[in-house]
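Structure below is my_file.pdb: PDB, C-alpha atoms.
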MODEL        1
ATOM      1  CA  GLY A   1       8.844 -14.494   0.451
ATOM      2  CA  ALA A   2       7.220 -11.607  -1.436
ATOM      3  CA  VAL A   3      10.106  -9.176  -1.465
ATOM      4  CA  VAL A   4       9.940  -6.107  -3.661
ATOM      5  CA  SER A   5      12.937  -3.877  -4.171
ATOM      6  CA  GLN A   6      13.032  -0.356  -5.465
ATOM      7  CA  HIS A   7      15.985   1.610  -6.722
ATOM      8  CA  PRO A   8      17.135   4.224  -6.056
ATOM      9  CA  SER A   9      15.891   4.837  -2.553
ATOM     10  CA  ARG A  10      16.614   8.524  -2.821
ATOM     11  CA  VAL A  11      17.412  10.790  -5.731
ATOM     12  CA  ILE A  12      18.073  14.488  -6.116
ATOM     13  CA  CYS A  13      18.021  15.936  -9.590
ATOM     14  CA  LYS A  14      17.940  19.246 -11.369
ATOM     15  CA  SER A  15      14.792  20.629 -12.881
ATOM     16  CA  GLY A  16      14.359  19.500 -16.476
ATOM     17  CA  THR A  17      16.169  16.199 -16.139
ATOM     18  CA  SER A  18      14.604  12.754 -16.272
ATOM     19  CA  VAL A  19      14.723  10.209 -13.490
ATOM     20  CA  LYS A  20      14.167   6.469 -13.754
ATOM     21  CA  ILE A  21      12.974   4.385 -10.823
ATOM     22  CA  GLU A  22      13.131   0.591 -10.905
ATOM     23  CA  CYS A  23      10.802  -1.804  -9.129
ATOM     24  CA  ARG A  24      11.642  -5.494  -8.919
ATOM     25  CA  SER A  25       9.877  -8.471  -7.425
ATOM     26  CA  LEU A  26      12.757 -10.534  -6.122
ATOM     27  CA  ASP A  27      11.259 -13.862  -5.241
ATOM     28  CA  PHE A  28       8.014 -14.085  -7.152
ATOM     29  CA  GLN A  29       6.629 -13.287 -10.572
ATOM     30  CA  ALA A  30       4.309 -10.323 -10.770
ATOM     31  CA  THR A  31       1.882  -9.951 -13.631
ATOM     32  CA  THR A  32       0.749  -6.631 -12.236
ATOM     33  CA  MET A  33       2.720  -3.798 -10.743
ATOM     34  CA  PHE A  34       1.417  -0.545  -9.397
ATOM     35  CA  TRP A  35       2.939   2.883  -8.973
ATOM     36  CA  TYR A  36       1.842   5.186  -6.198
ATOM     37  CA  ARG A  37       2.716   8.654  -5.078
ATOM     38  CA  GLN A  38       2.490   9.746  -1.480
ATOM     39  CA  PHE A  39       2.566  13.268  -0.142
ATOM     40  CA  PRO A  40       3.590  13.918   3.456
ATOM     41  CA  LYS A  41       1.068  12.685   5.996
ATOM     42  CA  GLN A  42      -1.319  11.524   3.321
ATOM     43  CA  SER A  43      -2.522   8.210   2.014
ATOM     44  CA  LEU A  44      -1.223   6.612  -1.141
ATOM     45  CA  MET A  45      -2.386   7.913  -4.478
ATOM     46  CA  LEU A  46      -2.426   5.361  -7.277
ATOM     47  CA  MET A  47      -0.771   6.692 -10.395
ATOM     48  CA  ALA A  48      -0.941   3.736 -12.732
ATOM     49  CA  THR A  49      -1.419   0.013 -13.043
ATOM     50  CA  SER A  50       1.056  -1.890 -15.150
ATOM     51  CA  ASN A  51       0.515  -5.340 -16.570
ATOM     52  CA  GLU A  52       3.460  -7.218 -17.997
ATOM     53  CA  GLY A  53       3.749  -6.855 -21.735
ATOM     54  CA  SER A  54       1.021  -4.267 -22.128
ATOM     55  CA  LYS A  55       0.622  -0.536 -21.776
ATOM     56  CA  ALA A  56       0.070   0.901 -18.357
ATOM     57  CA  THR A  57      -3.322   2.161 -17.303
ATOM     58  CA  TYR A  58      -3.064   5.618 -15.811
ATOM     59  CA  GLU A  59      -5.384   7.126 -13.237
ATOM     60  CA  GLN A  60      -7.300  10.221 -14.077
ATOM     61  CA  GLY A  61      -5.176  13.318 -13.820
ATOM     62  CA  VAL A  62      -1.840  11.528 -14.182
ATOM     63  CA  GLU A  63       0.099  12.641 -17.236
ATOM     64  CA  LYS A  64       1.198   9.568 -19.121
ATOM     65  CA  ASP A  65       3.793  11.485 -21.105
ATOM     66  CA  LYS A  66       5.364  12.757 -17.943
ATOM     67  CA  PHE A  67       5.326   9.518 -15.996
ATOM     68  CA  LEU A  68       6.457   6.799 -18.371
ATOM     69  CA  ILE A  69       5.919   3.275 -17.172
ATOM     70  CA  ASN A  70       7.451   0.173 -18.652
ATOM     71  CA  HIS A  71       6.746  -3.358 -17.484
ATOM     72  CA  ALA A  72       9.017  -5.443 -19.641
ATOM     73  CA  SER A  73       9.174  -8.606 -17.582
ATOM     74  CA  LEU A  74       7.390 -10.436 -14.801
ATOM     75  CA  THR A  75       9.864  -9.087 -12.284
ATOM     76  CA  LEU A  76      10.648  -5.552 -13.404
ATOM     77  CA  SER A  77       8.732  -2.342 -13.893
ATOM     78  CA  THR A  78      10.211   1.110 -14.328
ATOM     79  CA  LEU A  79       8.824   4.581 -13.804
ATOM     80  CA  THR A  80      10.519   7.445 -15.598
ATOM     81  CA  VAL A  81       9.715  10.966 -14.519
ATOM     82  CA  THR A  82      10.474  13.029 -17.600
ATOM     83  CA  SER A  83      11.510  16.673 -17.476
ATOM     84  CA  ALA A  84      11.116  16.707 -13.738
ATOM     85  CA  HIS A  85      10.055  19.875 -11.959
ATOM     86  CA  PRO A  86      10.029  20.774  -8.263
ATOM     87  CA  GLU A  87       6.343  19.911  -8.012
ATOM     88  CA  ASP A  88       7.223  16.322  -8.930
ATOM     89  CA  SER A  89       9.162  16.019  -5.695
ATOM     90  CA  SER A  90       7.475  13.287  -3.717
ATOM     91  CA  PHE A  91       7.687   9.775  -2.337
ATOM     92  CA  TYR A  92       7.069   7.188  -5.047
ATOM     93  CA  ILE A  93       6.198   3.621  -4.080
ATOM     94  CA  CYS A  94       5.721   0.604  -6.262
ATOM     95  CA  SER A  95       3.939  -2.610  -5.495
ATOM     96  CA  ALA A  96       3.709  -5.992  -7.146
ATOM     97  CA  MET A  97       0.960  -8.566  -7.208
ATOM     98  CA  GLY A  98       1.631 -12.211  -7.960
ATOM     99  CA  LEU A  99       0.329 -14.452 -10.672
ATOM    100  CA  ALA A 100      -3.271 -15.624 -10.472
ATOM    101  CA  GLY A 101      -3.303 -18.991  -8.795
ATOM    102  CA  GLY A 102       0.062 -18.424  -7.227
ATOM    103  CA  ASN A 103       0.997 -17.923  -3.610
ATOM    104  CA  PHE A 104       1.228 -14.158  -3.922
ATOM    105  CA  LYS A 105      -1.977 -13.476  -5.785
ATOM    106  CA  GLU A 106      -4.579 -10.972  -4.634
ATOM    107  CA  THR A 107      -2.079  -9.147  -2.432
ATOM    108  CA  GLN A 108       0.055  -6.143  -3.274
ATOM    109  CA  TYR A 109       3.554  -6.260  -1.835
ATOM    110  CA  PHE A 110       5.254  -2.913  -1.648
ATOM    111  CA  GLY A 111       8.755  -1.730  -2.314
ATOM    112  CA  PRO A 112      10.631   0.529   0.113
ATOM    113  CA  GLY A 113       9.881   3.653  -1.898
ATOM    114  CA  THR A 114      11.928   6.328  -3.621
ATOM    115  CA  ARG A 115      12.195   9.870  -2.353
ATOM    116  CA  LEU A 116      12.564  12.237  -5.275
ATOM    117  CA  LEU A 117      13.706  15.806  -4.779
ATOM    118  CA  VAL A 118      13.787  18.064  -7.808
ATOM    119  CA  LEU A 119      15.768  21.255  -7.365
TER
ATOM    120  CA  ALA B   1     -18.824   2.432  -4.628
ATOM    121  CA  GLN B   2     -15.947   1.258  -2.533
ATOM    122  CA  LYS B   3     -14.702   3.138   0.451
ATOM    123  CA  VAL B   4     -12.527   2.559   3.492
ATOM    124  CA  THR B   5     -12.849   4.759   6.545
ATOM    125  CA  GLN B   6     -10.276   5.014   9.269
ATOM    126  CA  ALA B   7     -11.828   7.560  11.569
ATOM    127  CA  GLN B   8      -8.882   7.716  13.965
ATOM    128  CA  THR B   9      -6.328  10.074  12.503
ATOM    129  CA  GLU B  10      -3.817   9.729  15.294
ATOM    130  CA  ILE B  11      -3.594   7.669  18.464
ATOM    131  CA  SER B  12      -1.068   8.076  21.253
ATOM    132  CA  VAL B  13      -0.508   5.389  23.849
ATOM    133  CA  VAL B  14       2.088   4.503  26.393
ATOM    134  CA  GLU B  15       4.107   1.356  25.970
ATOM    135  CA  LYS B  16       2.377  -1.851  27.108
ATOM    136  CA  GLU B  17      -1.088  -0.426  26.567
ATOM    137  CA  ASP B  18      -3.447  -2.237  24.227
ATOM    138  CA  VAL B  19      -4.711  -0.262  21.262
ATOM    139  CA  THR B  20      -7.380  -0.899  18.633
ATOM    140  CA  LEU B  21      -7.342   0.661  15.200
ATOM    141  CA  ASP B  22     -10.728   0.901  13.559
ATOM    142  CA  CYS B  23     -11.545   0.223   9.939
ATOM    143  CA  VAL B  24     -14.967   0.430   8.330
ATOM    144  CA  TYR B  25     -15.485  -0.411   4.694
ATOM    145  CA  GLU B  26     -18.149  -0.069   2.049
ATOM    146  CA  THR B  27     -18.592  -2.255  -0.985
ATOM    147  CA  ARG B  28     -21.472  -3.617  -3.015
ATOM    148  CA  ASP B  29     -19.581  -6.755  -3.946
ATOM    149  CA  THR B  30     -20.078  -9.976  -2.034
ATOM    150  CA  THR B  31     -16.524 -11.181  -2.528
ATOM    151  CA  TYR B  32     -13.625  -9.020  -1.557
ATOM    152  CA  TYR B  33     -10.392  -8.897   0.376
ATOM    153  CA  LEU B  34      -9.415  -6.707   3.292
ATOM    154  CA  PHE B  35      -5.871  -5.805   4.214
ATOM    155  CA  TRP B  36      -3.831  -4.084   6.848
ATOM    156  CA  TYR B  37      -0.450  -2.518   6.080
ATOM    157  CA  LYS B  38       2.047  -0.874   8.386
ATOM    158  CA  GLN B  39       4.131   2.094   7.247
ATOM    159  CA  PRO B  40       6.963   2.860   9.674
ATOM    160  CA  PRO B  41       8.907   6.132   9.435
ATOM    161  CA  SER B  42      11.225   4.558   6.860
ATOM    162  CA  GLY B  43       8.319   4.625   4.408
ATOM    163  CA  GLU B  44       7.989   1.046   3.267
ATOM    164  CA  LEU B  45       4.514  -0.456   3.455
ATOM    165  CA  VAL B  46       4.649  -3.763   5.261
ATOM    166  CA  PHE B  47       1.893  -6.269   4.567
ATOM    167  CA  LEU B  48       0.326  -7.506   7.798
ATOM    168  CA  ILE B  49      -2.771  -9.472   6.880
ATOM    169  CA  ARG B  50      -5.228 -10.334   4.129
ATOM    170  CA  ARG B  51      -8.731 -11.480   4.929
ATOM    171  CA  ASN B  52     -11.182 -13.020   2.460
ATOM    172  CA  SER B  53     -14.802 -11.893   2.763
ATOM    173  CA  PHE B  54     -15.895 -15.492   3.221
ATOM    174  CA  ASP B  55     -13.678 -15.996   6.226
ATOM    175  CA  GLU B  56     -14.932 -14.190   9.294
ATOM    176  CA  GLN B  57     -12.675 -15.994  11.694
ATOM    177  CA  ASN B  58     -10.697 -13.663  13.839
ATOM    178  CA  GLU B  59      -6.973 -14.024  13.610
ATOM    179  CA  ILE B  60      -4.175 -13.661  16.101
ATOM    180  CA  SER B  61      -0.524 -13.340  15.260
ATOM    181  CA  GLY B  62       1.634 -12.713  18.276
ATOM    182  CA  ARG B  63       0.620  -9.350  19.734
ATOM    183  CA  TYR B  64      -1.557  -8.582  16.720
ATOM    184  CA  SER B  65      -5.176  -9.602  16.343
ATOM    185  CA  TRP B  66      -7.865  -8.788  13.837
ATOM    186  CA  ASN B  67     -11.637  -8.724  14.269
ATOM    187  CA  PHE B  68     -13.611  -9.035  11.043
ATOM    188  CA  GLN B  69     -17.352  -8.439  11.318
ATOM    189  CA  LYS B  70     -19.346  -8.387   8.109
ATOM    190  CA  SER B  71     -22.494  -7.353   9.966
ATOM    191  CA  THR B  72     -20.898  -4.011  10.785
ATOM    192  CA  SER B  73     -18.528  -3.895   7.784
ATOM    193  CA  SER B  74     -15.585  -3.562  10.095
ATOM    194  CA  PHE B  75     -12.106  -5.021  10.166
ATOM    195  CA  ASN B  76     -10.452  -3.771  13.331
ATOM    196  CA  PHE B  77      -6.869  -4.306  14.336
ATOM    197  CA  THR B  78      -5.693  -4.655  17.929
ATOM    198  CA  ILE B  79      -2.142  -4.471  19.174
ATOM    199  CA  THR B  80      -1.688  -5.980  22.609
ATOM    200  CA  ALA B  81       1.027  -4.699  24.925
ATOM    201  CA  SER B  82       2.159  -2.067  22.446
ATOM    202  CA  GLN B  83       5.832  -1.331  21.945
ATOM    203  CA  VAL B  84       7.699   1.714  20.704
ATOM    204  CA  VAL B  85       8.500  -0.177  17.492
ATOM    205  CA  ASP B  86       4.781  -0.307  16.761
ATOM    206  CA  SER B  87       4.848   3.430  16.099
ATOM    207  CA  ALA B  88       3.836   3.804  12.473
ATOM    208  CA  VAL B  89       0.988   4.701  10.183
ATOM    209  CA  TYR B  90      -1.408   1.821   9.677
ATOM    210  CA  PHE B  91      -3.513   1.560   6.544
ATOM    211  CA  CYS B  92      -6.604  -0.540   6.048
ATOM    212  CA  ALA B  93      -7.421  -1.405   2.431
ATOM    213  CA  LEU B  94     -10.111  -3.115   0.377
ATOM    214  CA  LYS B  95      -9.881  -5.008  -2.884
ATOM    215  CA  ASN B  96     -12.860  -6.420  -4.711
ATOM    216  CA  THR B  97     -12.341  -9.812  -6.305
ATOM    217  CA  GLY B  98     -11.781  -9.419 -10.005
ATOM    218  CA  PHE B  99     -10.395  -5.938  -9.646
ATOM    219  CA  GLN B 100      -6.744  -5.123  -9.285
ATOM    220  CA  LYS B 101      -6.833  -1.863  -7.397
ATOM    221  CA  LEU B 102      -6.647  -1.384  -3.671
ATOM    222  CA  VAL B 103      -8.844   1.184  -1.990
ATOM    223  CA  PHE B 104      -6.964   2.623   0.949
ATOM    224  CA  GLY B 105      -8.182   4.315   4.054
ATOM    225  CA  THR B 106      -6.559   7.557   5.092
ATOM    226  CA  GLY B 107      -4.423   5.786   7.669
ATOM    227  CA  THR B 108      -4.090   5.965  11.436
ATOM    228  CA  ARG B 109      -0.875   7.275  12.921
ATOM    229  CA  LEU B 110       0.033   5.358  16.058
ATOM    230  CA  LEU B 111       2.544   6.821  18.455
ATOM    231  CA  VAL B 112       3.751   4.591  21.253
ATOM    232  CA  SER B 113       5.778   6.396  23.899
ATOM    233  CA  PRO B 114       8.123   4.675  26.327
TER
ENDMDL
END

Go ahead and render the structure in this file as structure tokens.
Amino acid sequence: GAVVSQHPSRVICKSGTSVKIECRSLDFQATTMFWYRQFPKQSLMLMATSNEGSKATYEQGVEKDKFLINHASLTLSTLTVTSAHPEDSSFYICSAMGLAGGNFKETQYFGPGTRLLVL
Amino acid sequence: AQKVTQAQTEISVVEKEDVTLDCVYETRDTTYYLFWYKQPPSGELVFLIRRNSFDEQNEISGRYSWNFQKSTSSFNFTITASQVVDSAVYFCALKNTGFQKLVFGTGTRLLVSP
């Protein structure tokens, strides 16, 4: 149980293009999904918290117009990096937390991550 | 304020050695959860354990064991008879009840050589 998928696993794009990353909870419903960014040999940096059906809450310093987050259903959240630039190159990881009262509550289950390279 | 400290940046052991990863946390809340995650070179964070602040029982799962001591605000993780496949970065994390966010430590990189 508690499987989270992320797609694509790796993407290379040209500067100025937009990239969409999908995060799905495969075997449980997730009211809350999280998006993180991780630089090499560093800990995870939370970018935003996304609750199903409502606007995402962004951490300080994260540009909401650049990193668009949509959480349209209890099993899917997407992160779109708009007008990507080389400095956006990073490892992006999503996580999902189950419904309150459910078996997967209080615990974030992580996807396999997406490596983004912007040329 | 909430904080998780993993003082060991990197640990190197030889296969079959036991190794303990330290985790010290700070929180003003009386109810919280503590977690350990493993991040192998592939990058995915693998959930290992969740511990409720009310449950100080130590836990053993195969070669893994966890020692939770509220008196010292520590939640240490021991791998017995380490294997090369245990090589990874291990993160300790804290979540206060009622809050959604996880507070991560900086991680401990474990290298197990054959």

(message) Within 12 Å of chain A, which residues belong to chain B? Use all atoms listed in the file and report them as an MDAnalysis selection string.
(response) chainID B and resid 4:6 9:10 32:52 88:109

(message) Show me, as a VMD selection string, the residues that have an atom within 8 Å of Ser12 of chain B when counting all atoms listed in the file, minus same-chain residues fewer than 5 positions from it.
(response) chain B and resid 110 to 113

Centre, x/y/z edge lengths, axis-aligned box for segment 103-112 of chain A with 5 Å per side, as lines of an AutoDock Vina configuration file:
center_x = 3.0
center_y = -8.7
center_z = -2.8
size_x = 25.2
size_y = 28.5
size_z = 15.9

(message) For the PyMOL selection byres ((chain A and resi 23) around 9), applied here, can you spell out every residue it catches as a list in words?
(response) Val4, Ser5, Gln6, His7, Ile21, Glu22, Arg24, Ser25, Met33, Thr75, Leu76, Ser77, Thr78, Leu79, Ile93, Cys94, Ser95, Ala96 and Gly111 of chain A

Selection to disk with C-alpha atoms, as a PDB file, in the frame of the given file:
ATOM      1  CA  VAL A   4       9.940  -6.107  -3.661  1.00  0.00           C
ATOM      2  CA  SER A   5      12.937  -3.877  -4.171  1.00  0.00           C
ATOM      3  CA  GLN A   6      13.032  -0.356  -5.465  1.00  0.00           C
ATOM      4  CA  HIS A   7      15.985   1.610  -6.722  1.00  0.00           C
ATOM      5  CA  ILE A  21      12.974   4.385 -10.823  1.00  0.00           C
ATOM      6  CA  GLU A  22      13.131   0.591 -10.905  1.00  0.00           C
ATOM      7  CA  ARG A  24      11.642  -5.494  -8.919  1.00  0.00           C
ATOM      8  CA  SER A  25       9.877  -8.471  -7.425  1.00  0.00           C
ATOM      9  CA  MET A  33       2.720  -3.798 -10.743  1.00  0.00           C
ATOM     10  CA  THR A  75       9.864  -9.087 -12.284  1.00  0.00           C
ATOM     11  CA  LEU A  76      10.648  -5.552 -13.404  1.00  0.00           C
ATOM     12  CA  SER A  77       8.732  -2.342 -13.893  1.00  0.00           C
ATOM     13  CA  THR A  78      10.211   1.110 -14.328  1.00  0.00           C
ATOM     14  CA  LEU A  79       8.824   4.581 -13.804  1.00  0.00           C
ATOM     15  CA  ILE A  93       6.198   3.621  -4.080  1.00  0.00           C
ATOM     16  CA  CYS A  94       5.721   0.604  -6.262  1.00  0.00           C
ATOM     17  CA  SER A  95       3.939  -2.610  -5.495  1.00  0.00           C
ATOM     18  CA  ALA A  96       3.709  -5.992  -7.146  1.00  0.00           C
ATOM     19  CA  GLY A 111       8.755  -1.730  -2.314  1.00  0.00           C
TER      20      GLY A 111
END

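In this structure, atom CA of Phe39 of chain A sits 11.3 Å away from atom CA of Leu116 of chain A.
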
(request) Measuring atom to atom with only C-alpha atoms, identify which of A:His85, A:Lys55, A:Lys14, A:Lys105 is nearest to Asn70 of chain A. (result)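 Under the stated criterion, the closest residue is A:Lys55.
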
Please produce segment 48-59 of chain B, completed to all heavy atoms, as an mmCIF file, keeping the file's coordinate frame.
data_model
loop_
_atom_site.group_PDB
_atom_site.id
_atom_site.type_symbol
_atom_site.label_atom_id
_atom_site.label_comp_id
_atom_site.auth_asym_id
_atom_site.auth_seq_id
_atom_site.Cartn_x
_atom_site.Cartn_y
_atom_site.Cartn_z
ATOM 1 N N LEU B 48 0.565 -6.847 6.515
ATOM 2 C CA LEU B 48 0.326 -7.506 7.798
ATOM 3 C C LEU B 48 -0.648 -8.671 7.665
ATOM 4 O O LEU B 48 -0.415 -9.755 8.211
ATOM 5 C CB LEU B 48 -0.232 -6.500 8.817
ATOM 6 C CG LEU B 48 0.695 -5.356 9.213
ATOM 7 C CD1 LEU B 48 -0.016 -4.432 10.192
ATOM 8 C CD2 LEU B 48 2.003 -5.870 9.791
ATOM 9 N N ILE B 49 -1.767 -8.428 6.961
ATOM 10 C CA ILE B 49 -2.771 -9.472 6.880
ATOM 11 C C ILE B 49 -3.682 -9.257 5.694
ATOM 12 O O ILE B 49 -3.904 -8.122 5.260
ATOM 13 C CB ILE B 49 -3.623 -9.541 8.169
ATOM 14 C CG1 ILE B 49 -4.519 -10.801 8.165
ATOM 15 C CG2 ILE B 49 -4.473 -8.279 8.324
ATOM 16 C CD1 ILE B 49 -5.222 -11.054 9.474
ATOM 17 N N ARG B 50 -4.185 -10.332 5.157
ATOM 18 C CA ARG B 50 -5.228 -10.334 4.129
ATOM 19 C C ARG B 50 -6.364 -11.217 4.631
ATOM 20 O O ARG B 50 -6.124 -12.317 5.145
ATOM 21 C CB ARG B 50 -4.702 -10.895 2.814
ATOM 22 C CG ARG B 50 -5.726 -10.883 1.690
ATOM 23 C CD ARG B 50 -5.200 -11.594 0.462
ATOM 24 N NE ARG B 50 -5.340 -13.041 0.570
ATOM 25 C CZ ARG B 50 -4.666 -13.896 -0.177
ATOM 26 N NH1 ARG B 50 -3.771 -13.459 -1.041
ATOM 27 N NH2 ARG B 50 -4.855 -15.199 -0.050
ATOM 28 N N ARG B 51 -7.575 -10.717 4.485
ATOM 29 C CA ARG B 51 -8.731 -11.480 4.929
ATOM 30 C C ARG B 51 -9.728 -11.573 3.786
ATOM 31 O O ARG B 51 -10.119 -10.564 3.218
ATOM 32 C CB ARG B 51 -9.354 -10.831 6.157
ATOM 33 C CG ARG B 51 -10.650 -11.443 6.646
ATOM 34 C CD ARG B 51 -10.454 -12.877 7.051
ATOM 35 N NE ARG B 51 -9.649 -12.975 8.273
ATOM 36 C CZ ARG B 51 -8.846 -14.004 8.533
ATOM 37 N NH1 ARG B 51 -8.739 -14.998 7.701
ATOM 38 N NH2 ARG B 51 -8.184 -14.024 9.669
ATOM 39 N N ASN B 52 -10.174 -12.783 3.482
ATOM 40 C CA ASN B 52 -11.182 -13.020 2.460
ATOM 41 C C ASN B 52 -12.566 -12.762 3.051
ATOM 42 O O ASN B 52 -12.811 -13.087 4.218
ATOM 43 C CB ASN B 52 -11.055 -14.471 2.008
ATOM 44 C CG ASN B 52 -11.969 -14.806 0.852
ATOM 45 O OD1 ASN B 52 -13.168 -14.589 0.915
ATOM 46 N ND2 ASN B 52 -11.395 -15.349 -0.200
ATOM 47 N N SER B 53 -13.464 -12.222 2.267
ATOM 48 C CA SER B 53 -14.802 -11.893 2.763
ATOM 49 C C SER B 53 -15.585 -13.108 3.241
ATOM 50 O O SER B 53 -16.552 -12.975 3.995
ATOM 51 C CB SER B 53 -15.601 -11.169 1.683
ATOM 52 O OG SER B 53 -15.667 -11.947 0.492
ATOM 53 N N PHE B 54 -15.191 -14.286 2.794
ATOM 54 C CA PHE B 54 -15.895 -15.492 3.221
ATOM 55 C C PHE B 54 -15.390 -16.025 4.557
ATOM 56 O O PHE B 54 -16.000 -16.917 5.144
ATOM 57 C CB PHE B 54 -15.736 -16.600 2.172
ATOM 58 C CG PHE B 54 -16.461 -16.299 0.897
ATOM 59 C CD1 PHE B 54 -15.787 -16.210 -0.303
ATOM 60 C CD2 PHE B 54 -17.834 -16.074 0.889
ATOM 61 C CE1 PHE B 54 -16.455 -15.926 -1.488
ATOM 62 C CE2 PHE B 54 -18.503 -15.791 -0.279
ATOM 63 C CZ PHE B 54 -17.812 -15.715 -1.467
ATOM 64 N N ASP B 55 -14.304 -15.483 5.017
ATOM 65 C CA ASP B 55 -13.678 -15.996 6.226
ATOM 66 C C ASP B 55 -13.772 -14.968 7.342
ATOM 67 O O ASP B 55 -12.975 -14.041 7.405
ATOM 68 C CB ASP B 55 -12.209 -16.330 5.935
ATOM 69 C CG ASP B 55 -11.516 -16.948 7.136
ATOM 70 O OD1 ASP B 55 -12.178 -17.164 8.183
ATOM 71 O OD2 ASP B 55 -10.308 -17.215 7.023
ATOM 72 N N GLU B 56 -14.748 -15.154 8.212
ATOM 73 C CA GLU B 56 -14.932 -14.190 9.294
ATOM 74 C C GLU B 56 -14.230 -14.590 10.569
ATOM 75 O O GLU B 56 -14.415 -13.966 11.607
ATOM 76 C CB GLU B 56 -16.433 -14.009 9.581
ATOM 77 C CG GLU B 56 -17.134 -13.150 8.561
ATOM 78 C CD GLU B 56 -18.509 -12.703 9.033
ATOM 79 O OE1 GLU B 56 -18.576 -11.818 9.908
ATOM 80 O OE2 GLU B 56 -19.504 -13.261 8.528
ATOM 81 N N GLN B 57 -13.417 -15.610 10.500
ATOM 82 C CA GLN B 57 -12.675 -15.994 11.694
ATOM 83 C C GLN B 57 -11.714 -14.905 12.085
ATOM 84 O O GLN B 57 -11.015 -14.340 11.248
ATOM 85 C CB GLN B 57 -11.870 -17.267 11.407
ATOM 86 C CG GLN B 57 -12.596 -18.536 11.772
ATOM 87 C CD GLN B 57 -11.653 -19.721 11.794
ATOM 88 O OE1 GLN B 57 -10.717 -19.795 11.016
ATOM 89 N NE2 GLN B 57 -11.910 -20.657 12.688
ATOM 90 N N ASN B 58 -11.675 -14.617 13.358
ATOM 91 C CA ASN B 58 -10.697 -13.663 13.839
ATOM 92 C C ASN B 58 -9.324 -14.315 13.818
ATOM 93 O O ASN B 58 -9.193 -15.536 13.874
ATOM 94 C CB ASN B 58 -11.052 -13.198 15.258
ATOM 95 C CG ASN B 58 -12.313 -12.364 15.276
ATOM 96 O OD1 ASN B 58 -12.607 -11.666 14.304
ATOM 97 N ND2 ASN B 58 -13.060 -12.444 16.355
ATOM 98 N N GLU B 59 -8.332 -13.490 13.712
ATOM 99 C CA GLU B 59 -6.973 -14.024 13.610
ATOM 100 C C GLU B 59 -6.065 -13.367 14.628
ATOM 101 O O GLU B 59 -6.196 -12.184 14.930
ATOM 102 C CB GLU B 59 -6.428 -13.799 12.201
ATOM 103 C CG GLU B 59 -5.037 -14.376 12.010
ATOM 104 C CD GLU B 59 -4.743 -14.693 10.564
ATOM 105 O OE1 GLU B 59 -5.683 -14.835 9.772
ATOM 106 O OE2 GLU B 59 -3.553 -14.804 10.238
#
